[in-house]
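Trainee: Structure file query.txt (compact mmCIF, C-alpha atoms and all ligand atoms) right here:
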```
# COMPACT_ATOMS: atom_id res chain seq x y z
CA MET A 1 -33.62 -1.41 27.99
CA ASN A 2 -32.34 -4.90 28.52
CA PHE A 3 -30.49 -6.64 25.74
CA GLU A 4 -30.38 -10.34 25.45
CA TYR A 5 -26.97 -10.87 24.05
CA GLU A 6 -24.63 -13.74 23.54
CA ARG A 7 -21.19 -12.94 22.22
CA PRO A 8 -20.33 -14.88 19.03
CA TRP A 9 -17.45 -17.32 19.12
CA LEU A 10 -14.02 -15.73 19.16
CA ALA A 11 -10.58 -17.26 18.81
CA GLU A 12 -8.63 -17.09 22.06
CA TYR A 13 -6.19 -14.55 20.57
CA GLN A 14 -9.05 -12.33 19.44
CA ARG A 15 -10.47 -12.22 22.94
CA ALA A 16 -7.11 -11.67 24.56
CA ALA A 17 -6.11 -8.98 22.08
CA LEU A 18 -9.28 -6.94 21.95
CA PHE A 19 -11.59 -7.63 24.88
CA GLY A 20 -9.27 -6.82 27.75
CA PRO A 21 -9.85 -4.00 30.24
CA GLU A 22 -7.17 -1.66 28.83
CA ARG A 23 -8.36 1.57 27.30
CA TYR A 24 -6.22 1.25 24.19
CA GLY A 25 -5.92 -2.14 22.47
CA VAL A 26 -3.35 -2.27 19.69
CA VAL A 27 -3.14 -5.21 17.32
CA GLU A 28 -0.64 -5.75 14.54
CA GLY A 29 -1.95 -8.72 12.65
CA SER A 30 -1.60 -10.94 9.67
CA THR A 31 -3.88 -10.31 6.76
CA LYS A 32 -7.15 -12.24 7.18
CA CYS A 33 -6.35 -13.36 10.72
CA GLY A 34 -9.65 -11.95 11.93
CA LYS A 35 -9.16 -8.35 13.07
CA THR A 36 -12.14 -6.57 11.58
CA ALA A 37 -14.72 -9.20 12.58
CA PRO A 38 -14.03 -9.22 16.34
CA CYS A 39 -13.75 -5.43 16.38
CA LEU A 40 -17.23 -5.19 14.89
CA ILE A 41 -18.36 -7.31 17.81
CA TRP A 42 -16.40 -5.17 20.24
CA LEU A 43 -17.92 -1.93 18.94
CA ALA A 44 -21.41 -3.39 19.00
CA GLU A 45 -20.89 -4.36 22.66
CA GLN A 46 -19.55 -0.92 23.54
CA THR A 47 -22.62 0.62 21.96
CA MET A 48 -25.13 -1.82 23.45
CA PHE A 49 -23.79 -1.68 26.97
CA GLY A 50 -22.80 1.99 26.92
CA GLY A 51 -25.19 4.72 27.97
CA GLU A 52 -28.16 5.96 26.01
CA GLY A 53 -27.68 8.63 23.37
CA ARG A 54 -23.98 7.93 22.99
CA SER A 55 -21.94 7.88 19.78
CA HIS A 56 -19.36 5.27 18.83
CA TRP A 57 -17.12 5.36 15.78
CA TRP A 58 -15.71 2.96 13.27
CA VAL A 59 -12.89 4.68 11.38
CA ALA A 60 -11.40 3.26 8.16
CA PRO A 61 -8.74 4.78 5.88
CA VAL A 62 -11.09 5.36 2.96
CA TYR A 63 -14.79 5.62 2.36
CA THR A 64 -15.16 2.23 0.64
CA GLN A 65 -13.72 0.42 3.66
CA ALA A 66 -16.02 2.29 6.02
CA GLU A 67 -18.88 1.23 3.78
CA ILE A 68 -17.87 -2.44 3.95
CA ALA A 69 -17.69 -2.34 7.75
CA TYR A 70 -21.08 -0.62 7.87
CA ARG A 71 -22.64 -3.38 5.77
CA ARG A 72 -21.02 -6.13 7.81
CA MET A 73 -22.29 -4.60 11.03
CA LYS A 74 -25.76 -4.09 9.61
CA GLU A 75 -25.94 -7.72 8.51
CA GLY A 76 -24.71 -8.89 11.89
CA LEU A 77 -27.40 -7.19 13.97
CA PRO A 78 -31.06 -8.17 14.27
CA ARG A 79 -32.96 -6.10 11.76
CA ASP A 80 -35.93 -5.33 14.02
CA MET A 81 -33.67 -3.86 16.67
CA ILE A 82 -31.85 -1.27 14.59
CA ARG A 83 -32.43 1.90 12.65
CA THR A 84 -29.95 2.64 9.87
CA HIS A 85 -28.98 5.43 7.51
CA ASP A 86 -27.12 4.19 4.45
CA SER A 87 -25.77 7.48 3.11
CA GLU A 88 -24.72 8.88 6.49
CA ARG A 89 -23.64 5.38 7.48
CA TRP A 90 -24.94 5.09 11.01
CA ILE A 91 -26.67 2.29 12.85
CA GLU A 92 -28.78 3.01 15.88
CA LEU A 93 -29.64 0.61 18.66
CA PRO A 94 -32.53 1.28 21.02
CA GLY A 95 -31.88 4.20 23.34
CA ALA A 96 -30.37 6.35 20.57
CA ARG A 97 -27.12 4.45 20.90
CA ARG A 98 -25.46 5.15 17.60
CA MET A 99 -22.50 3.75 15.64
CA TRP A 100 -21.01 5.85 12.87
CA PHE A 101 -18.83 4.43 10.08
CA LYS A 102 -16.36 7.06 9.01
CA SER A 103 -13.63 7.54 6.47
CA ALA A 104 -10.35 9.00 7.74
CA GLU A 105 -9.53 10.72 4.46
CA LYS A 106 -10.29 14.18 5.83
CA SER A 107 -9.30 14.66 9.45
CA ASP A 108 -11.69 17.64 9.70
CA ASN A 109 -14.61 15.24 9.58
CA LEU A 110 -13.30 13.47 12.66
CA TYR A 111 -13.50 16.31 15.15
CA GLY A 112 -16.48 17.37 17.16
CA ASP A 113 -18.87 14.92 18.64
CA ASP A 114 -18.04 13.28 21.97
CA VAL A 115 -17.24 9.72 21.10
CA TYR A 116 -17.51 6.97 23.69
CA SER A 117 -15.49 4.30 21.88
CA ALA A 118 -13.76 3.90 18.54
CA VAL A 119 -12.16 1.33 16.30
CA LEU A 120 -9.43 2.40 13.88
CA ASP A 121 -9.27 -0.32 11.26
CA GLU A 122 -6.25 -0.57 8.94
CA ALA A 123 -4.54 1.94 11.22
CA SER A 124 -1.19 1.90 9.41
CA ARG A 125 -2.99 3.38 6.40
CA ILE A 126 -4.74 6.12 8.37
CA ARG A 127 -3.11 9.55 8.39
CA GLU A 128 -1.69 10.77 11.66
CA GLU A 129 -3.87 13.91 11.72
CA SER A 130 -6.91 11.66 11.60
CA TRP A 131 -5.71 9.63 14.56
CA HIS A 132 -5.14 12.85 16.50
CA ALA A 133 -8.66 13.96 15.64
CA VAL A 134 -10.22 10.69 16.81
CA ARG A 135 -8.15 10.70 19.97
CA SER A 136 -9.31 14.23 20.78
CA THR A 137 -12.95 13.19 20.43
CA LEU A 138 -12.30 10.38 22.89
CA THR A 139 -10.60 12.63 25.42
CA ALA A 140 -13.66 14.16 27.01
CA THR A 141 -15.31 10.77 27.45
CA ARG A 142 -12.18 8.80 28.37
CA GLY A 143 -13.52 6.36 25.78
CA PRO A 144 -11.60 3.24 24.80
CA ALA A 145 -10.19 2.52 21.33
CA ARG A 146 -9.07 -0.50 19.36
CA ILE A 147 -6.33 0.16 16.85
CA ILE A 148 -5.88 -2.69 14.44
CA GLY A 149 -4.31 -3.46 11.09
CA ASN A 150 -1.53 -4.93 9.03
CA VAL A 151 1.92 -3.50 9.48
CA LYS A 152 3.29 -1.24 6.78
CA GLY A 153 6.86 -0.12 7.26
CA ARG A 154 8.06 1.77 10.29
CA LYS A 155 7.36 5.33 9.30
CA ASN A 156 3.84 5.74 10.59
CA TRP A 157 2.08 6.64 13.82
CA ALA A 158 0.54 3.17 14.13
CA PHE A 159 4.02 1.62 14.27
CA ALA A 160 5.10 4.12 16.93
CA LEU A 161 1.96 3.56 18.98
CA ALA A 162 2.35 -0.21 18.75
CA ARG A 163 5.92 0.07 20.09
CA LYS A 164 4.65 2.12 23.02
CA ALA A 165 1.94 -0.42 23.74
CA GLU A 166 4.37 -3.31 23.34
CA ALA A 167 6.72 -1.67 25.84
CA GLY A 168 3.90 -1.79 28.39
CA ALA A 169 2.64 1.77 28.49
CA PRO A 170 -0.14 2.19 31.07
CA ASP A 171 -3.67 1.31 30.01
CA MET A 172 -2.53 -0.11 26.69
CA SER A 173 -2.50 -3.70 25.47
CA TYR A 174 -0.51 -5.01 22.57
CA ARG A 175 -0.76 -8.17 20.56
CA ARG A 176 0.90 -9.42 17.39
CA ILE A 177 -1.18 -12.01 15.57
CA THR A 178 0.57 -14.04 12.92
CA ALA A 179 -0.90 -16.21 10.22
CA TYR A 180 0.18 -19.24 12.26
CA ASP A 181 -2.03 -18.18 15.16
CA ALA A 182 -4.89 -17.93 12.69
CA ILE A 183 -4.15 -21.39 11.27
CA GLN A 184 -4.26 -22.91 14.73
CA ALA A 185 -7.61 -21.28 15.36
CA GLY A 186 -8.94 -22.57 12.04
CA ILE A 187 -9.44 -19.10 10.55
CA LEU A 188 -6.72 -19.40 7.88
CA SER A 189 -5.61 -22.46 5.94
CA GLN A 190 -2.04 -23.71 5.81
CA ALA A 191 -2.28 -24.01 2.02
CA GLU A 192 -3.08 -20.33 1.69
CA ILE A 193 0.04 -19.37 3.64
CA ASP A 194 2.26 -21.76 1.70
CA GLN A 195 1.04 -20.24 -1.54
CA ALA A 196 1.63 -16.70 -0.28
CA ARG A 197 5.12 -17.59 0.88
CA ALA A 198 5.94 -19.00 -2.55
CA ASP A 199 4.45 -16.06 -4.45
CA LEU A 200 5.56 -13.05 -2.47
CA PRO A 201 8.90 -11.39 -1.89
CA GLU A 202 10.18 -12.23 1.58
CA ALA A 203 9.64 -8.75 3.05
CA VAL A 204 6.09 -8.57 1.74
CA PHE A 205 5.28 -11.97 3.21
CA ARG A 206 6.75 -10.96 6.54
CA GLU A 207 4.66 -7.82 6.69
CA LEU A 208 1.43 -9.38 5.53
CA TYR A 209 1.49 -12.75 7.25
CA LEU A 210 3.90 -12.43 10.16
CA ALA A 211 3.13 -8.79 10.97
CA GLU A 212 6.83 -7.93 10.96
CA PRO A 213 7.35 -4.44 9.54
CA SER A 214 10.08 -4.08 6.96
CA ASP A 215 12.74 -1.40 7.22
CA ASP A 216 11.88 -0.12 3.80
CA GLY A 217 8.20 0.51 4.39
CA GLY A 218 7.02 -1.19 1.25
CA ASN A 219 9.78 0.12 -1.00
CA PRO A 220 10.63 -2.61 -3.52
CA PHE A 221 14.14 -1.33 -4.23
CA GLY A 222 15.46 -0.96 -0.70
CA LEU A 223 16.36 2.46 0.67
CA LYS A 224 19.96 1.58 1.40
CA ALA A 225 20.44 0.08 -2.06
CA ILE A 226 19.05 3.26 -3.65
CA GLY A 227 21.49 5.34 -1.59
CA ASP A 228 24.37 3.13 -2.70
CA CYS A 229 23.57 3.89 -6.36
CA VAL A 230 23.67 7.67 -6.00
CA GLY A 231 26.52 9.43 -7.80
CA PRO A 232 27.19 12.36 -10.12
CA LEU A 233 25.44 12.69 -13.47
CA SER A 234 27.75 11.03 -16.00
CA GLY A 235 29.30 12.95 -18.88
CA GLY A 236 29.39 9.76 -21.00
CA ALA A 237 27.51 9.11 -24.24
CA PRO A 238 23.99 7.64 -24.08
CA VAL A 239 23.56 4.00 -25.15
CA ALA A 240 19.89 3.61 -24.17
CA TRP A 241 17.00 5.97 -23.46
CA GLY A 242 13.80 5.37 -21.55
CA TRP A 243 10.89 7.79 -22.09
CA ASP A 244 7.81 8.04 -19.91
CA LEU A 245 5.17 10.28 -21.45
CA ALA A 246 3.07 12.70 -19.42
CA LYS A 247 -0.48 11.63 -18.76
CA SER A 248 -2.93 14.24 -17.49
CA VAL A 249 -1.06 15.76 -14.58
CA ASP A 250 2.53 14.60 -14.59
CA TRP A 251 5.71 15.09 -16.56
CA THR A 252 7.35 13.66 -19.61
CA VAL A 253 10.62 12.21 -18.44
CA GLY A 254 13.55 10.89 -20.43
CA ILE A 255 16.55 9.17 -18.88
CA ALA A 256 19.62 7.95 -20.73
CA LEU A 257 22.25 5.52 -19.50
CA ASP A 258 25.87 5.36 -20.64
CA ILE A 259 27.71 2.14 -21.37
CA ASP A 260 28.50 1.66 -17.66
CA GLY A 261 24.90 2.08 -16.59
CA ARG A 262 25.35 5.60 -15.29
CA VAL A 263 22.58 8.09 -15.85
CA CYS A 264 24.06 10.55 -18.34
CA ARG A 265 21.02 12.53 -19.49
CA PHE A 266 17.90 13.54 -17.62
CA GLU A 267 15.02 15.38 -19.29
CA ARG A 268 11.85 16.42 -17.52
CA PHE A 269 9.25 18.75 -19.01
CA GLN A 270 5.60 19.53 -19.66
CA LYS A 271 4.84 20.66 -23.21
CA PRO A 272 2.08 20.26 -25.79
CA TRP A 273 2.24 16.95 -27.68
CA ASP A 274 3.86 18.24 -30.87
CA ALA A 275 6.58 20.03 -28.92
CA THR A 276 7.02 16.93 -26.72
CA MET A 277 7.58 14.77 -29.77
CA GLU A 278 9.99 17.23 -31.33
CA ARG A 279 12.01 17.42 -28.13
CA ILE A 280 12.16 13.64 -27.68
CA GLY A 281 13.24 13.15 -31.30
CA GLU A 282 15.89 15.82 -31.02
CA VAL A 283 17.59 14.75 -27.80
CA THR A 284 17.39 11.01 -28.50
CA GLY A 285 18.79 11.17 -32.05
CA SER A 286 19.70 7.67 -33.22
CA VAL A 287 20.29 6.14 -29.76
CA PRO A 288 18.04 3.12 -29.06
CA ALA A 289 15.07 4.27 -27.01
CA LEU A 290 12.15 2.56 -25.32
CA VAL A 291 9.06 4.76 -25.21
CA ASP A 292 5.92 4.39 -23.13
CA SER A 293 3.30 3.70 -25.79
CA THR A 294 0.37 3.19 -23.43
CA GLY A 295 -2.79 5.03 -24.49
CA VAL A 296 -1.92 8.44 -25.88
CA GLY A 297 1.67 7.30 -26.35
CA ASP A 298 0.81 5.06 -29.26
CA PRO A 299 0.37 7.72 -31.99
CA ILE A 300 3.41 9.58 -30.64
CA LEU A 301 5.54 6.49 -30.94
CA GLU A 302 4.40 6.04 -34.54
CA LEU A 303 5.45 9.56 -35.41
CA LEU A 304 8.78 9.17 -33.62
CA GLN A 305 9.49 5.98 -35.52
CA LYS A 306 9.10 7.87 -38.81
CA ARG A 307 12.06 10.09 -38.01
CA PRO A 308 14.99 9.16 -40.25
CA GLY A 309 17.77 7.27 -38.47
CA SER A 310 15.79 6.94 -35.26
CA SER A 311 15.54 3.78 -33.18
CA PHE A 312 12.38 3.97 -31.08
CA GLU A 313 10.57 0.99 -29.65
CA GLY A 314 7.26 1.02 -27.81
CA PHE A 315 6.44 -0.31 -24.36
CA LYS A 316 2.90 -0.74 -23.12
CA PHE A 317 2.46 -0.48 -19.38
CA THR A 318 0.14 -3.12 -17.96
CA SER A 319 0.24 -4.34 -14.39
CA GLU A 320 2.26 -7.38 -15.52
CA SER A 321 4.69 -5.54 -17.80
CA LYS A 322 5.18 -2.85 -15.16
CA GLN A 323 5.93 -5.51 -12.57
CA ARG A 324 8.50 -7.06 -14.92
CA VAL A 325 10.42 -3.85 -15.64
CA MET A 326 10.23 -2.75 -12.01
CA GLU A 327 11.66 -6.06 -10.85
CA GLY A 328 14.41 -5.63 -13.47
CA LEU A 329 15.12 -2.16 -12.09
CA ALA A 330 15.12 -3.54 -8.56
CA VAL A 331 17.76 -6.11 -9.51
CA ALA A 332 19.89 -3.43 -11.19
CA ILE A 333 19.68 -1.28 -8.04
CA GLN A 334 20.38 -4.17 -5.69
CA LYS A 335 23.45 -5.14 -7.69
CA GLN A 336 24.55 -1.51 -8.07
CA GLU A 337 24.58 -1.83 -11.83
CA ILE A 338 23.40 1.74 -12.27
CA VAL A 339 24.36 5.17 -10.98
CA ILE A 340 21.65 7.75 -10.43
CA PRO A 341 21.95 11.45 -9.63
CA ALA A 342 20.48 12.89 -6.44
CA GLY A 343 17.27 14.89 -6.97
CA PRO A 344 13.93 13.83 -8.41
CA ILE A 345 15.05 10.39 -9.66
CA ARG A 346 16.33 9.42 -6.26
CA SER A 347 13.37 10.78 -4.34
CA GLU A 348 10.86 9.09 -6.62
CA LEU A 349 12.69 5.79 -6.18
CA GLU A 350 12.60 6.27 -2.41
CA ASN A 351 8.88 7.04 -2.39
CA PHE A 352 7.91 4.22 -4.70
CA GLU A 353 5.85 1.44 -3.16
CA TYR A 354 4.46 -1.95 -3.74
CA GLU A 355 0.97 -2.62 -2.61
CA TYR A 356 -0.46 -6.03 -2.10
CA THR A 357 -3.98 -6.15 -3.46
CA ARG A 358 -6.43 -8.95 -4.00
CA THR A 359 -5.23 -9.23 -7.59
CA GLY A 360 -1.49 -9.30 -6.87
CA VAL A 361 1.39 -6.95 -6.24
CA ARG A 362 0.94 -3.45 -7.62
CA TYR A 363 3.86 -1.07 -8.18
CA THR A 364 3.10 2.60 -7.86
CA ALA A 365 3.84 5.96 -6.32
CA PRO A 366 1.78 6.79 -3.23
CA ASP A 367 -1.10 9.23 -3.74
CA GLY A 368 0.21 12.70 -4.46
CA PHE A 369 3.63 11.53 -5.67
CA HIS A 370 4.89 10.97 -9.20
CA ASP A 371 6.56 7.91 -10.62
CA ASP A 372 7.52 9.13 -14.10
CA CYS A 373 11.25 9.16 -13.31
CA VAL A 374 11.01 5.61 -11.95
CA CYS A 375 9.20 4.46 -15.09
CA ALA A 376 11.65 6.19 -17.46
CA LEU A 377 14.60 4.71 -15.55
CA ALA A 378 13.06 1.24 -15.60
CA LEU A 379 12.56 1.51 -19.36
CA ALA A 380 16.15 2.68 -19.90
CA VAL A 381 17.52 -0.17 -17.75
CA SER A 382 15.39 -2.72 -19.56
CA HIS A 383 16.39 -1.38 -22.97
CA LYS A 384 20.06 -1.26 -22.14
CA ALA A 385 19.97 -4.86 -20.92
CA HIS A 386 18.40 -6.00 -24.15
CA ALA A 387 20.41 -3.75 -26.42
CA ARG A 388 23.65 -5.11 -25.03
CA HIS A 389 22.98 -8.66 -26.20
CA PRO A 390 20.91 -8.17 -29.33
CA LEU A 391 19.34 -11.55 -30.17
CA LYS A 392 22.36 -13.45 -28.93
CA ILE A 393 21.22 -16.23 -26.65
CA THR A 394 24.28 -18.14 -25.58
CA PRO A 395 23.99 -21.41 -23.62
CA ALA A 396 25.53 -19.63 -20.64
CA ALA A 397 22.99 -16.81 -20.81
CA LEU A 398 20.17 -19.31 -21.06
CA ALA A 399 21.42 -21.24 -18.05
CA ALA A 400 21.74 -18.01 -16.07
CA ALA A 401 18.24 -16.95 -17.05
CA ARG A 402 16.86 -20.33 -16.00
CA GLN A 403 18.60 -20.06 -12.68
CA ARG A 404 17.17 -16.64 -12.09
CA GLN A 405 13.65 -17.57 -12.93
CA PRO A 406 12.42 -19.19 -9.73
CA MET A 407 13.41 -16.15 -7.68
CA ARG A 408 10.82 -13.75 -8.92
CA PHE A 409 12.59 -10.72 -7.57
CA GLY A 410 16.12 -12.02 -7.80
CA PHE A 411 16.89 -10.42 -4.45
CA ARG A 412 15.81 -10.35 -0.86
CA LEU A 413 14.15 -7.23 0.34
N1 LIG B 1 -14.32 -15.29 15.47
C1 LIG B 1 -14.62 -15.59 14.20
N2 LIG B 1 -15.61 -16.45 13.96
C2 LIG B 1 -15.93 -16.77 12.69
N3 LIG B 1 -15.33 -16.27 11.61
C3 LIG B 1 -14.35 -15.41 11.80
C4 LIG B 1 -13.94 -15.01 13.10
N4 LIG B 1 -12.93 -14.14 12.97
C5 LIG B 1 -12.74 -13.98 11.64
N5 LIG B 1 -13.57 -14.75 10.94
C6 LIG B 1 -13.67 -14.83 9.47
O1 LIG B 1 -12.39 -14.81 8.90
C7 LIG B 1 -12.37 -13.96 7.75
C8 LIG B 1 -11.37 -12.84 7.95
O2 LIG B 1 -11.79 -12.05 9.06
P1 LIG B 1 -11.58 -10.49 9.10
O3 LIG B 1 -12.19 -9.82 7.94
O4 LIG B 1 -11.98 -10.06 10.46
O5 LIG B 1 -10.02 -10.48 8.98
P2 LIG B 1 -9.00 -9.25 8.87
O6 LIG B 1 -7.81 -9.67 9.65
O7 LIG B 1 -9.69 -8.00 9.25
O8 LIG B 1 -8.71 -9.31 7.34
P3 LIG B 1 -8.05 -8.18 6.37
O9 LIG B 1 -6.62 -8.46 6.37
O10 LIG B 1 -8.73 -8.44 5.05
O11 LIG B 1 -8.45 -6.85 6.97
C9 LIG B 1 -13.78 -13.42 7.57
O12 LIG B 1 -14.45 -14.22 6.63
C10 LIG B 1 -14.37 -13.57 8.95
O13 LIG B 1 -15.77 -13.71 8.89
MG MG B 2 -9.90 -6.22 8.16
```
Write the structure described by the file as structure tokens, please.
Mentor:
Amino acid sequence: MNFEYERPWLAEYQRAALFGPERYGVVEGSTKCGKTAPCLIWLAEQTMFGGEGRSHWWVAPVYTQAEIAYRRMKEGLPRDMIRTHDSERWIELPGARRMWFKSAEKSDNLYGDDVYSAVLDEASRIREESWHAVRSTLTATRGPARIIGNVKGRKNWAFALARKAEAGAPDMSYRRITAYDAIQAGILSQAEIDQARADLPEAVFRELYLAEPSDDGGNPFGLKAIGDCVGPLSGGAPVAWGWDLAKSVDWTVGIALDIDGRVCRFERFQKPWDATMERIGEVTGSVPALVDSTGVGDPILELLQKRPGSSFEGFKFTSESKQRVMEGLAVAIQKQEIVIPAGPIRSELENFEYEYTRTGVRYTAPDGFHDDCVCALALAVSHKAHARHPLKITPAALAAARQRQPMRFGFRL
């Protein structure tokens, strides 16, 4: 079968980064610099010009991304030349040359078949077991791979592989593509970058647009700063409580700070709602407390507020309000205004991440981790800050607040 094929236009850096002779091509690139598009072209070429009956894989971190790539590929190829299967997500070119679009969520699904070439898109978000699985399927065929994505911290296999490739390991090519390369090629606009630089914390911008991994791997507090705040649990009296209520699977957590910002009480339990409320009321007493009143928390807050002598206020978590209290917590940690005990509070802080999505920055624990201690601590810090200056806005405080405003995070990551 002869194909009449003309390769679509590619930016010079796309060609250099991905279409070289090396078996492994590794690209760490800016967001939207054009990584996925040329790799779709690359995989189509591998399939077209490879032997009959061969399989080729597109591997994405999750199913939805594999689906998007599948659609893009399908739209890019002449309809009368291909056979497709939407639920199994494969596209076949004449000669039973087949491309599969796979999710890397379960590495077990990535063993087996001899694969003659593969693209790993968003590699820094793909689990290491899945990379090992794909690599093993390429072993028998000596098939080439393209490993592309944004950078995300330094604690992942993609970072390690990129360093190997950058150091000139045999049969590997490496290329970093920044947003400025993409501007020069006309793929990104200068205005878009300027806006991102203004909106994002420095470390996030560096990762997303300059492809420079941060030391903290997407941790908004800073690992060193967290370590600097660790100390013994204080024996002082509570001046502010933060309470995060259990949702379906996690814990109810209460954290109290003393007058010096040291964690002095730490409560963590799973109980039925009436027992939860009783416990919160009992341990908090009349100390000012900020309680998560999102969803199921609302009726609980109402009942807590009925307790004589109590001082409970509600806090509704939305993506904006969460961002605000998390940035407040980040400032407190950066300035060492709090002391936290080692254990779950510390480890949750260390595992906490920001994620940059199409709708903005999202603060959350990675899949499989909890963030209830982080939320309770953020509420306690926020409440203590407000409780200390109840309704007293001095000219000095106002000036300080104004000065702080333009720096959305108040610190450099
Ligand atoms: N060679 C090219 N010719 C024409 N358009 C291109 C080319 N490369 C990229 N683009 C366009 O630029 C946009 C971004 O490309 P692409 O999706 O490949 O980027 P990416 O780096 O994978 O982005 P993300 O960070 O979202 O994964 C798309 O609209 C794509 O069609
Ligand atoms: Mg992409």
Trainee: Write as a list in words the residues around ligand MG 2 (chain B), taking 9 Å as the cut-off and counting all atoms listed in the file.
Mentor: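 Counting only what the definition allows, namely all atoms listed in the file, the set is Thr31, Lys32, Cys33, Gly34, Lys35, Thr36, Ala37, Gln65, Ala69, Asp121, Glu122, Ile148, Gly149 and Asn150 of chain A.
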Trainee: Which of these, A:Ile68, A:Ala376, A:Val325, A:Val204, has the shortest distance to ligand LIG 1 (chain B) once you count all atoms listed in the file?
Mentor: A:Ile68
Trainee: Considering all atoms listed in the file, state which residue in the set A:Leu188, A:Val62, A:Ala182, A:Leu200 is at the smallest distance from Arg125 of chain A.
Mentor: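 Smallest separation from Arg125 of chain A among the options: A:Val62.
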Trainee: By how many Å are atom CA of Thr252 of chain A and atom CA of Leu301 of chain A apart?
Mentor: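 Going from atom CA of Thr252 of chain A over to atom CA of Leu301 of chain A, I get 13.5 Å.
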Trainee: Can you work out which one of A:Leu40, A:Ala96, A:Val59, A:Val331 has the shortest atom-to-atom distance to Pro220 of chain A, counting all atoms listed in the file?
Mentor: A:Val331
Trainee: Between A:Leu379, A:Leu257, A:Ala179, A:Val151, single out the one closest to Asp215 of chain A, counting all atoms listed in the file.
Mentor: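 Residue with the minimum atom-to-atom distance to Asp215 of chain A: A:Val151.
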Trainee: Measuring between all atoms listed in the file, which one of A:Phe312, A:Phe159, A:Trp273, A:Tyr363 shows the shortest distance to Asp292 of chain A?
Mentor: A:Phe312
